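Have a look at my_file.pdb below; it lists PDB, C-alpha atoms, pLDDT in the B column.
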ATOM      1  CA  MET A 165      72.424  80.194  45.241  1.00 46.00           C
ATOM      2  CA  LYS A 166      74.754  81.262  48.020  1.00 45.00           C
ATOM      3  CA  HIS A 167      73.174  83.222  50.824  1.00 44.00           C
ATOM      4  CA  TYR A 168      75.300  86.097  52.198  1.00 43.00           C
ATOM      5  CA  SER A 169      74.725  87.496  55.628  1.00 39.00           C
ATOM      6  CA  LEU A 170      75.610  90.785  57.217  1.00 42.00           C
ATOM      7  CA  SER A 171      77.339  89.059  60.135  1.00 40.00           C
ATOM      8  CA  PRO A 172      80.673  90.373  61.395  1.00 43.00           C
ATOM      9  CA  LEU A 173      83.668  89.647  59.247  1.00 40.00           C
ATOM     10  CA  HIS A 174      85.454  87.805  62.063  1.00 38.00           C
ATOM     11  CA  SER A 175      84.090  85.096  64.272  1.00 41.00           C
ATOM     12  CA  ASP A 176      84.533  85.180  68.042  1.00 42.00           C
ATOM     13  CA  SER A 177      87.222  82.514  67.825  1.00 41.00           C
ATOM     14  CA  ASP A 178      89.467  84.946  65.915  1.00 41.00           C
ATOM     15  CA  PHE A 179      89.778  87.130  69.005  1.00 38.00           C
ATOM     16  CA  LYS A 180      90.579  84.484  71.608  1.00 44.00           C
ATOM     17  CA  LEU A 181      93.979  84.497  73.219  1.00 47.00           C
ATOM     18  CA  PRO A 182      96.268  81.784  71.933  1.00 49.00           C
ATOM     19  CA  LYS A 183      96.694  78.744  74.154  1.00 56.00           C
ATOM     20  CA  TYR A 184     100.253  78.214  75.260  1.00 60.00           C
ATOM     21  CA  SER A 185     101.652  75.022  76.680  1.00 75.00           C
ATOM     22  CA  ASP A 186     102.626  74.830  80.328  1.00 83.00           C
ATOM     23  CA  THR A 187     106.305  74.648  79.363  1.00 87.00           C
ATOM     24  CA  TYR A 188     105.992  77.794  77.243  1.00 87.00           C
ATOM     25  CA  ILE A 189     104.385  79.663  80.158  1.00 88.00           C
ATOM     26  CA  PHE A 190     107.032  78.322  82.545  1.00 89.00           C
ATOM     27  CA  ASN A 191     109.849  79.366  80.207  1.00 92.00           C
ATOM     28  CA  CYS A 192     108.391  82.862  79.855  1.00 91.00           C
ATOM     29  CA  MET A 193     108.146  83.161  83.633  1.00 92.00           C
ATOM     30  CA  MET A 194     111.733  81.959  84.033  1.00 93.00           C
ATOM     31  CA  ASP A 195     112.892  84.429  81.356  1.00 95.00           C
ATOM     32  CA  PHE A 196     111.376  87.325  83.309  1.00 94.00           C
ATOM     33  CA  GLN A 197     113.069  86.017  86.457  1.00 95.00           C
ATOM     34  CA  LYS A 198     116.417  85.707  84.631  1.00 96.00           C
ATOM     35  CA  LEU A 199     115.985  89.265  83.340  1.00 96.00           C
ATOM     36  CA  ALA A 200     115.492  90.449  86.932  1.00 96.00           C
ATOM     37  CA  GLU A 201     118.670  88.590  87.895  1.00 96.00           C
ATOM     38  CA  TYR A 202     120.658  90.290  85.115  1.00 97.00           C
ATOM     39  CA  GLN A 203     119.243  93.687  86.032  1.00 97.00           C
ATOM     40  CA  ILE A 204     120.172  93.381  89.724  1.00 96.00           C
ATOM     41  CA  LYS A 205     123.684  92.213  88.821  1.00 96.00           C
ATOM     42  CA  LEU A 206     124.046  95.190  86.507  1.00 97.00           C
ATOM     43  CA  ALA A 207     122.731  97.430  89.306  1.00 96.00           C
ATOM     44  CA  GLN A 208     125.448  96.032  91.543  1.00 95.00           C
ATOM     45  CA  MET A 209     128.051  96.887  88.882  1.00 95.00           C
ATOM     46  CA  MET A 210     126.655 100.417  88.656  1.00 96.00           C
ATOM     47  CA  ARG A 211     126.960 100.709  92.428  1.00 95.00           C
ATOM     48  CA  ASP A 212     130.607  99.637  92.236  1.00 95.00           C
ATOM     49  CA  HIS A 213     131.212 102.394  89.651  1.00 95.00           C
ATOM     50  CA  HIS A 214     129.330 104.992  91.733  1.00 93.00           C
ATOM     51  CA  GLN A 215     126.545 105.306  89.148  1.00 94.00           C
ATOM     52  CA  PHE A 216     123.894 105.480  91.865  1.00 93.00           C
ATOM     53  CA  GLN A 217     121.013 106.823  89.774  1.00 92.00           C
ATOM     54  CA  ASN A 218     121.502 104.024  87.238  1.00 94.00           C
ATOM     55  CA  CYS A 219     121.576 101.561  90.122  1.00 95.00           C
ATOM     56  CA  LEU A 220     118.212 102.892  91.328  1.00 94.00           C
ATOM     57  CA  ILE A 221     116.700 102.570  87.851  1.00 94.00           C
ATOM     58  CA  LEU A 222     117.976  99.006  87.452  1.00 97.00           C
ATOM     59  CA  CYS A 223     116.605  97.996  90.864  1.00 96.00           C
ATOM     60  CA  ASP A 224     113.210  99.319  89.776  1.00 94.00           C
ATOM     61  CA  ARG A 225     113.423  97.398  86.495  1.00 94.00           C
ATOM     62  CA  ALA A 226     114.466  94.208  88.299  1.00 96.00           C
ATOM     63  CA  MET A 227     111.443  94.363  90.605  1.00 94.00           C
ATOM     64  CA  PHE A 228     109.210  95.116  87.605  1.00 91.00           C
ATOM     65  CA  SER A 229     110.594  92.078  85.744  1.00 93.00           C
ATOM     66  CA  MET A 230     109.996  89.802  88.734  1.00 93.00           C
ATOM     67  CA  ALA A 231     106.471  91.186  89.088  1.00 90.00           C
ATOM     68  CA  LYS A 232     105.890  90.293  85.418  1.00 90.00           C
ATOM     69  CA  ALA A 233     107.070  86.766  86.204  1.00 91.00           C
ATOM     70  CA  MET A 234     104.455  86.674  88.981  1.00 89.00           C
ATOM     71  CA  TYR A 235     101.832  87.902  86.515  1.00 87.00           C
ATOM     72  CA  VAL A 236     102.647  85.082  84.091  1.00 88.00           C
ATOM     73  CA  HIS A 237     102.590  82.556  86.935  1.00 88.00           C
ATOM     74  CA  ARG A 238      99.291  83.684  88.424  1.00 87.00           C
ATOM     75  CA  ASN A 239      97.364  84.308  85.198  1.00 83.00           C
ATOM     76  CA  GLN A 240      98.965  81.624  83.016  1.00 87.00           C
ATOM     77  CA  ILE A 241      99.127  84.075  80.116  1.00 82.00           C
ATOM     78  CA  ILE A 242     101.942  86.052  78.583  1.00 81.00           C
ATOM     79  CA  PRO A 243     101.358  89.799  78.885  1.00 77.00           C
ATOM     80  CA  LEU A 244     101.519  91.780  75.685  1.00 75.00           C
ATOM     81  CA  TYR A 245     101.739  95.046  77.543  1.00 75.00           C
ATOM     82  CA  ILE A 246     101.713  96.103  81.184  1.00 74.00           C
ATOM     83  CA  ARG A 247     101.413  99.844  81.675  1.00 71.00           C
ATOM     84  CA  SER A 248     103.131 100.270  84.997  1.00 69.00           C
ATOM     85  CA  MET A 249     104.205  98.653  88.201  1.00 72.00           C
ATOM     86  CA  THR A 250     101.043  99.831  89.949  1.00 69.00           C
ATOM     87  CA  ASP A 251      99.052  97.404  87.783  1.00 72.00           C
ATOM     88  CA  LEU A 252     101.014  94.563  89.383  1.00 76.00           C
ATOM     89  CA  PHE A 253     100.707  95.590  93.045  1.00 76.00           C
ATOM     90  CA  PRO A 254      97.617  93.419  93.643  1.00 75.00           C
ATOM     91  CA  LEU A 255      99.737  90.365  92.797  1.00 74.00           C
ATOM     92  CA  ILE A 256     102.324  91.260  95.431  1.00 76.00           C
ATOM     93  CA  HIS A 257      99.967  92.223  98.252  1.00 72.00           C
ATOM     94  CA  THR A 258      97.101  89.766  98.574  1.00 67.00           C
ATOM     95  CA  ASP A 259      94.907  88.635 101.445  1.00 62.00           C
ATOM     96  CA  ALA A 260      96.714  85.301 101.491  1.00 63.00           C
ATOM     97  CA  GLU A 261     100.157  86.925 101.306  1.00 67.00           C
ATOM     98  CA  PRO A 262     100.023  90.406 102.848  1.00 66.00           C
ATOM     99  CA  ASN A 263     103.188  92.320 101.994  1.00 76.00           C
ATOM    100  CA  LEU A 264     102.334  95.972 102.371  1.00 82.00           C
ATOM    101  CA  ASP A 265     105.914  96.918 103.263  1.00 86.00           C
ATOM    102  CA  MET A 266     107.122  95.287 100.042  1.00 88.00           C
ATOM    103  CA  VAL A 267     104.531  97.165  97.986  1.00 86.00           C
ATOM    104  CA  LEU A 268     105.451 100.453  99.663  1.00 88.00           C
ATOM    105  CA  PHE A 269     109.153  99.919  98.969  1.00 90.00           C
ATOM    106  CA  ILE A 270     108.555  98.979  95.311  1.00 88.00           C
ATOM    107  CA  GLY A 271     106.182 101.929  94.890  1.00 86.00           C
ATOM    108  CA  THR A 272     108.655 104.353  96.454  1.00 88.00           C
ATOM    109  CA  VAL A 273     111.512 103.179  94.229  1.00 90.00           C
ATOM    110  CA  HIS A 274     109.237 103.394  91.200  1.00 86.00           C
ATOM    111  CA  TYR A 275     108.205 106.928  92.195  1.00 87.00           C
ATOM    112  CA  LEU A 276     111.838 108.019  92.618  1.00 88.00           C
ATOM    113  CA  VAL A 277     112.729 106.622  89.204  1.00 89.00           C
ATOM    114  CA  SER A 278     109.804 108.415  87.570  1.00 84.00           C
ATOM    115  CA  GLY A 279     111.472 111.753  88.375  1.00 76.00           C
ATOM    116  CA  GLU A 280     108.204 113.445  89.281  1.00 73.00           C
ATOM    117  CA  ASP A 281     109.792 114.999  92.335  1.00 69.00           C
ATOM    118  CA  ASP A 282     112.984 116.979  92.913  1.00 67.00           C
ATOM    119  CA  VAL A 283     113.898 114.524  95.689  1.00 63.00           C
ATOM    120  CA  SER A 284     114.843 111.957  93.049  1.00 59.00           C
ATOM    121  CA  LYS A 285     117.530 114.318  91.733  1.00 67.00           C
ATOM    122  CA  GLU A 286     119.374 114.527  95.043  1.00 76.00           C
ATOM    123  CA  PRO A 287     122.645 112.593  95.108  1.00 84.00           C
ATOM    124  CA  MET A 288     122.525 109.250  96.876  1.00 88.00           C
ATOM    125  CA  LYS A 289     125.072 108.013  99.384  1.00 91.00           C
ATOM    126  CA  LEU A 290     126.867 104.684  99.160  1.00 93.00           C
ATOM    127  CA  GLY A 291     125.189 103.397 102.329  1.00 93.00           C
ATOM    128  CA  GLU A 292     121.744 104.208 100.934  1.00 93.00           C
ATOM    129  CA  VAL A 293     122.547 102.421  97.686  1.00 94.00           C
ATOM    130  CA  ASP A 294     123.755  99.369  99.605  1.00 94.00           C
ATOM    131  CA  LYS A 295     120.468  99.286 101.527  1.00 94.00           C
ATOM    132  CA  LEU A 296     118.560  99.693  98.256  1.00 94.00           C
ATOM    133  CA  LEU A 297     120.392  96.762  96.675  1.00 95.00           C
ATOM    134  CA  TYR A 298     119.974  94.574  99.754  1.00 95.00           C
ATOM    135  CA  LYS A 299     116.244  95.266 100.067  1.00 94.00           C
ATOM    136  CA  THR A 300     115.687  94.792  96.319  1.00 95.00           C
ATOM    137  CA  ASP A 301     117.587  91.508  96.443  1.00 95.00           C
ATOM    138  CA  SER A 302     115.500  90.238  99.367  1.00 93.00           C
ATOM    139  CA  ILE A 303     112.276  91.205  97.555  1.00 92.00           C
ATOM    140  CA  LEU A 304     113.373  89.367  94.415  1.00 94.00           C
ATOM    141  CA  GLU A 305     114.173  86.300  96.526  1.00 94.00           C
ATOM    142  CA  SER A 306     110.812  86.451  98.270  1.00 90.00           C
ATOM    143  CA  LEU A 307     108.825  86.841  95.051  1.00 90.00           C
ATOM    144  CA  SER A 308     110.772  84.048  93.378  1.00 92.00           C
ATOM    145  CA  GLN A 309     109.918  81.700  96.243  1.00 90.00           C
ATOM    146  CA  ARG A 310     106.239  82.307  95.558  1.00 87.00           C
ATOM    147  CA  ILE A 311     106.397  81.322  91.909  1.00 88.00           C
ATOM    148  CA  VAL A 312     109.106  78.662  91.641  1.00 87.00           C
ATOM    149  CA  ALA A 313     108.826  75.492  93.723  1.00 85.00           C
ATOM    150  CA  ASP A 314     112.253  74.076  92.841  1.00 86.00           C
ATOM    151  CA  PRO A 315     114.913  75.874  94.954  1.00 87.00           C
ATOM    152  CA  SER A 316     117.561  75.311  92.265  1.00 88.00           C
ATOM    153  CA  LYS A 317     115.512  77.343  89.760  1.00 89.00           C
ATOM    154  CA  ARG A 318     114.750  80.270  92.070  1.00 91.00           C
ATOM    155  CA  TYR A 319     116.368  83.663  91.921  1.00 92.00           C
ATOM    156  CA  PRO A 320     119.880  83.412  93.420  1.00 91.00           C
ATOM    157  CA  SER A 321     120.702  86.194  95.855  1.00 90.00           C
ATOM    158  CA  ILE A 322     123.602  88.433  94.911  1.00 88.00           C
ATOM    159  CA  TYR A 323     124.627  88.419  98.584  1.00 83.00           C
ATOM    160  CA  LYS A 324     125.173  84.669  99.046  1.00 73.00           C
ATOM    161  CA  GLU A 325     128.915  84.761  98.286  1.00 56.00           C
ATOM    162  CA  ASN A 326     129.700  88.274  99.475  1.00 50.00           C
ATOM    163  CA  PRO A 327     127.252  89.658 102.106  1.00 47.00           C
ATOM    164  CA  PHE A 328     126.441  93.371 102.042  1.00 47.00           C
ATOM    165  CA  ASN A 329     128.342  93.794  98.771  1.00 43.00           C
ATOM    166  CA  GLU A 330     131.648  94.469 100.482  1.00 45.00           C
ATOM    167  CA  SER A 331     134.212  94.639  97.716  1.00 42.00           C
ATOM    168  CA  LEU A 332     137.698  93.478  98.445  1.00 38.00           C
ATOM    169  CA  ASP A 333     139.824  96.568  98.920  1.00 41.00           C
ATOM    170  CA  LEU A 334     143.442  95.633  98.251  1.00 34.00           C
ATOM    171  CA  LEU A 335     144.777  98.894  99.684  1.00 37.00           C
ATOM    172  CA  SER A 336     143.307  98.081 103.084  1.00 40.00           C
ATOM    173  CA  ILE A 337     145.246  94.796 103.233  1.00 36.00           C
ATOM    174  CA  ILE A 338     148.650  96.273 102.313  1.00 40.00           C
ATOM    175  CA  PRO A 339     150.403  97.583 105.430  1.00 43.00           C
ATOM    176  CA  GLY A 340     151.309 101.250 105.303  1.00 43.00           C
ATOM    177  CA  SER A 341     148.815 102.134 102.562  1.00 38.00           C
ATOM    178  CA  PHE A 342     145.973 104.604 102.905  1.00 38.00           C
TER
END
Output the file's structure in the form of structure tokens.
Amino acid sequence: MKHYSLSPLHSDSDFKLPKYSDTYIFNCMMDFQKLAEYQIKLAQMMRDHHQFQNCLILCDRAMFSMAKAMYVHRNQIIPLYIRSMTDLFPLIHTDAEPNLDMVLFIGTVHYLVSGEDDVSKEPMKLGEVDKLLYKTDSILESLSQRIVADPSKRYPSIYKENPFNESLDLLSIIPGSF
């Protein structure tokens, strides 16, 4: 005669997180980094088309994507859901790697994107957007250096070929043009 128990329907092993291989974790981390790269390049395109608010949003998303890459690297798990950037701040500013200025910049950009204040609705100037892109790019580079040992696989700066995002203005080269 079979003996039935009133034990839970699922064993503890049913609720354990799946084990991923190191290559799977690495690929996930690199995907988040690649996403950040695409987002900052798109932000640069938005800047070139004077879509400054979209540029701000994409810079925020790029930093969030790189922070997710740090999360995967540090915890060796793939996040199902991360509520907000503030959940990732402890990864950026640690005792071993104090980066309070980086956290303040990321937090400020995230706050401006959230639209909780009327300040975020004020029009931005081209110089401010250039500074935003440059600072975001340097943060992405810095965070990438923490998680990827191989320099060829790190985030490539958008300013390597063309510093300060100075677009070639053909009218300025042609004599007699405005």
Let me know the residues the PyMOL selection byres ((chain A and resi 204-208) around 9) catches in the file above, as a PyMOL selection string. chain A and resi 199-203+209-213+215-216+218-223+225-227+294+297+300-301+322+329
Hey, can you spit out that residue selection with C-alpha atoms as a short mmCIF file (atom, residue, chain, number, x, y, z; two decimals), in the frame of the given file?
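Heads up, here's the output in again_28.cif:
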data_model
loop_
_atom_site.label_atom_id
_atom_site.label_comp_id
_atom_site.auth_asym_id
_atom_site.auth_seq_id
_atom_site.Cartn_x
_atom_site.Cartn_y
_atom_site.Cartn_z
CA LEU A 199 115.98 89.26 83.34
CA ALA A 200 115.49 90.45 86.93
CA GLU A 201 118.67 88.59 87.90
CA TYR A 202 120.66 90.29 85.12
CA GLN A 203 119.24 93.69 86.03
CA MET A 209 128.05 96.89 88.88
CA MET A 210 126.66 100.42 88.66
CA ARG A 211 126.96 100.71 92.43
CA ASP A 212 130.61 99.64 92.24
CA HIS A 213 131.21 102.39 89.65
CA GLN A 215 126.54 105.31 89.15
CA PHE A 216 123.89 105.48 91.86
CA ASN A 218 121.50 104.02 87.24
CA CYS A 219 121.58 101.56 90.12
CA LEU A 220 118.21 102.89 91.33
CA ILE A 221 116.70 102.57 87.85
CA LEU A 222 117.98 99.01 87.45
CA CYS A 223 116.60 98.00 90.86
CA ARG A 225 113.42 97.40 86.50
CA ALA A 226 114.47 94.21 88.30
CA MET A 227 111.44 94.36 90.60
CA ASP A 294 123.76 99.37 99.60
CA LEU A 297 120.39 96.76 96.68
CA THR A 300 115.69 94.79 96.32
CA ASP A 301 117.59 91.51 96.44
CA ILE A 322 123.60 88.43 94.91
CA ASN A 329 128.34 93.79 98.77
#
A:Lys317: which residues within 10 Å, counting only C-alpha atoms, same-chain residues fewer than 6 positions away excluded, as a VMD selection string? chain A and resid 194 197 to 198 308 to 309
Point out the residue among A:Met230, A:Leu290, A:Met249, A:Ile189 with the least atom-to-atom distance to A:His274, counting all atoms listed in the file.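 With all atoms listed in the file as the atom set, the closest residue is A:Met249.
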Taking into account only C-alpha atoms, which residue in the set A:Leu307, A:Met234, A:Asp224, A:Ile241 is nearest to A:Gly271?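 Between A:Leu307, A:Met234, A:Asp224, A:Ile241, the residue approaching A:Gly271 most closely is A:Asp224.
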What is the distance between atom CA of A:Arg318 and atom CA of A:His214, in Å to one decimal?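 Interatomic distance, atom CA of A:Arg318 to atom CA of A:His214: 28.7 Å.
Across the structure, atom CA of A:Arg310 and atom CA of A:Tyr245 are spaced 22.5 Å apart.
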For atom CA of A:Ile246 and atom CA of A:Lys232, quote the distance in Å rounded to one decimal.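 Value for the atom CA of A:Ile246-atom CA of A:Lys232 distance: 8.3 Å.
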When distances are computed from all atoms listed in the file, which of A:Lys289, A:Arg238, A:Lys299, A:Lys324 shows the smallest separation from A:Leu255? A:Arg238
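Proximity of A:His237, A:Arg247, A:His257, A:Lys295 to A:Thr187, computed with all atoms listed in the file, is greatest for A:His237.
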Env of A:Pro243: 10 Å cut, atoms = all atoms listed in the file, seq-sep filter 4 positions within chain, self excluded. Answer as a PyMOL selection string. chain A and resi 192+232-233+235-236+239
Considering all atoms listed in the file, can you say which of A:Gln240, A:Ser306, A:Ser321, A:Ser316 comes closest to A:Asp186?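 That would be A:Gln240, the residue with the smallest distance to A:Asp186.
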